[in-house]
Structures are given as C-alpha cells and as structure tokens.
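Colleague: Could you have a look at this structure, given as structure tokens, before my questions?
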Amino acid sequence: MKIFENLEEVKNIEPCCIALGNFDGVHVGHQALIKAAVEKAGEKGLKSAVFTFSTLPKNLIPGQKPVKNIIYQDEKAALIEKLGVDYLFNIEFTKEIMMMEPETYVKEFLVDRFNAREVFCGFNHRFGHKAAGNDELLKELGKKYGFGVNQIAPVMIDGDVVSSTLIRGLIKAGDVDECPKYLGRNYDIAGEVVVGNRLGKTIGFPTSNIMIDETMVTPPNGVYITYCLYNGVRYPSVTNVGVKPTIGTFKKNMETHIFNFDKELYGKYIKVEFVKMTRDEVKFGSVKELSEQIAKDCREAKEYHGL
C-alpha cells in the first residue's frame, strides 16, 4: 500500500475506487466500508483507496471539546493495509480544508487529485464547510463529475450502531471486554517502555511501564487482565493503569507484569491488549498491603490465562 501524507505528493494517480471517512479505530463498520470499496475496485479494474485525515476534523472546530484518538496513525495505516487497499490518502485536516465549499472539496480532492471513479461512504458522511455536504449532494456531484456513489448502511451489533463514539464510551467506562465485538480485535495501548520507580521489581512483580498519551482515549484507573505483544510474540499479562496512590504522586501511566518473562524491555516497543477489568485502583495503607493485593491480582489473571 502506498501512503500519501501530503497533497503535493499526490500525482498521476490511477483511476480509483475510494472509501471516505475518518476511520478512527478502523472498527467493524469501517472495515465493512473499506472491504466493499476494495471489492468494487477489483470488479471494475480500479485501484482501491482510502481518503482520510491524520487529524480529527472536530478538533479544529473552535469551542469543541477535543476528541481523543482510539489508535495511532501507524496502527490505522497497518489495519487499512491488511484490508487490501492500494492507496492511503492520509492528509492533515487544515483550516483551509475546513473552509472549502462542498463542491470545491469534491472537485479538488476526489476528481482532480484522486481520480475517483467510484466512491464509498457511510450513512452519515458529511463534507465541506460547516459539514454542508451530505450523501444526496455527493450523488449529484458524482453525476456531474463522472463517479459513482455507494452508500453503506450502518453495521448494527446488539441493537447499537457501531461507531467510534460508542467504542470511546466503552473504553472510558472500563468495559474493555465489550470492545472486541465492535473493533474486531482487543482494544490496545502501545508505546515505548520507560523506566519506572522500580518498586515492582523490589516486591517481586517487575513491570514494563508506558506513559499515557493524553491525546489517546484511555481506560479508567484500575487493574486489567491483558496480553503483551513484544517482538511478534503474545504473552499473558496483568496491567495496572493509574497514578500509584499508595506510594506517592505520579502521572497516569500503565504498568504491565508479563508472566513467565525475564527479558529487559526498557526502550523497547510493546503493545498491551486489554481483555477485562478486574478492579478499580485503590490507595492502600502500606506497601505490604499493596504487595498482597498485587499477588491476588496476578493469581486471578493467571487463572484467566490458564497458567
């Protein structure tokens, strides 16, 4: 898959079938939309493409509360590539783009730059200044400029429309066990392992620490049954998300204890998949009480993992 992150790079694009959307999370609804575009591209002998933004458009609107991301851009690209896409147009959303009239937006991007022959969008797709463009206008412009428009119905699970908003709500509530049916995979947090306070090692439970990125949606403070992915291997683990109230004042971070693992991970990149929340974070009266609770947390996680 060829990735374009700058409009100036987009030149001489072969005729495309393009999926449109933010695709934050690349959840099962997004996957259905992209798969439909890839399938149509194959039928018509076109290149398959995704047009999305590397920054969430809502975060550029004055007065709006910032929307947090579900996944990083590299993860988003990797998930889209797995769906068989040829081109990813992952462009920064700017004030200039935000101010474009809907027809200008369609002409400049879909027609002139991306060479669209077929376009796929969701049931609630909006575009152009003040989100004035909708599916009906897109169909009219498709007739004018020579591309087909295909609108995909929402994906429903247990009576709910699958959406990034729904998934963010589940993560914020700690309902990480509900995420896989909407994401199509476990919710995860990835990052570089940093040096912690080393308390875990002194009480017999060494952990790999990742600082929490404030731009990402994160689960509430507590203990979770998890898997840790490192170097292509998936290890059973248990993870604490929080501020370590028993031992001092710290920024929110994530500490993962990997079972049956003795490698040094400082400076290494790991991914932690969240399976289930087991308890809230608690301030204990002593490090001894904390250590006893961690032992219980580990026993519960080991039992879940069948260790």
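Ligands are numbered from 1 in the order shown, chains are lettered A, B, ... in the order of the structure tokens, and residues start at 1 in each chain.
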I'd like the neighbourhood of stretch 269-284 of chain A as a PyMOL selection string, where a residue qualifies if any of its atoms comes within 7 Å (using only C-alpha atoms), though same-chain residues fewer than 5 positions away should be ignored.
Modeller: chain A and resi 174+176-177+186-193+221-230+242+245-246+289-290
Colleague: Could you give me, as a PyMOL selection string, the residues within 8 Å of A:Thr256, counting only C-alpha atoms and dropping anything in the same chain fewer than 2 positions from it?
Modeller: chain A and resi 207-209+228+237-240+254+258+272
Colleague: Pull the strand (DSSP E) assignments for stretch 25-81 of chain A out of DSSP run on the backbone, and list those residues as a VMD selection string.
Modeller: chain A and resid 47 to 53
Colleague: Can you work out which one of A:Glu264, A:Asp112, A:Asp213, A:Glu96 has the shortest atom-to-atom distance to A:Lys252, counting only C-alpha atoms?
Modeller: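 With only C-alpha atoms as the atom set, the closest residue is A:Asp213.
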Colleague: How far is it from atom CA of A:Lys172 to atom CA of A:Ser291, in Å with one decimal?
Modeller: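 Distance between the two atoms: 26.8 Å.
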Colleague: Could the residues of stretch 1-29 of chain A that have an atom at most 7 Å from stretch 60-78 of chain A be listed as a Markdown table, each with its closest atom pair and the distance in Å to one decimal, counting only C-alpha atoms and ordered by chain and ascending residue number?
Modeller:
```
| residue | atom | partner | partner_atom | distance |
| --- | --- | --- | --- | --- |
| A:Asp24 | CA | A:Ile70 | CA | 6.2 |
| A:Gly25 | CA | A:Ile70 | CA | 5.3 |
| A:Val26 | CA | A:Lys76 | CA | 6.6 |
```
Colleague: Can you list, as a ChimeraX atom specification, every protein, DNA or RNA residue that comes within 10 Å of A:Met1 when you count only C-alpha atoms, leaving out same-chain residues fewer than 2 positions away?
Modeller: /A:3-4,48-49,77-78,80-82,84-88
Colleague: Which residue, A:Phe259, A:Phe93, A:Tyr145, A:Phe23, has the smallest gap to A:Asn59 when you use only C-alpha atoms?
Modeller: A:Phe93
Colleague: Could you tell me how far atom CA of A:Phe127 lies from atom CA of A:Gly169, in Å and to one decimal?
Modeller: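 Here the two named atoms are 24.7 Å from each other.
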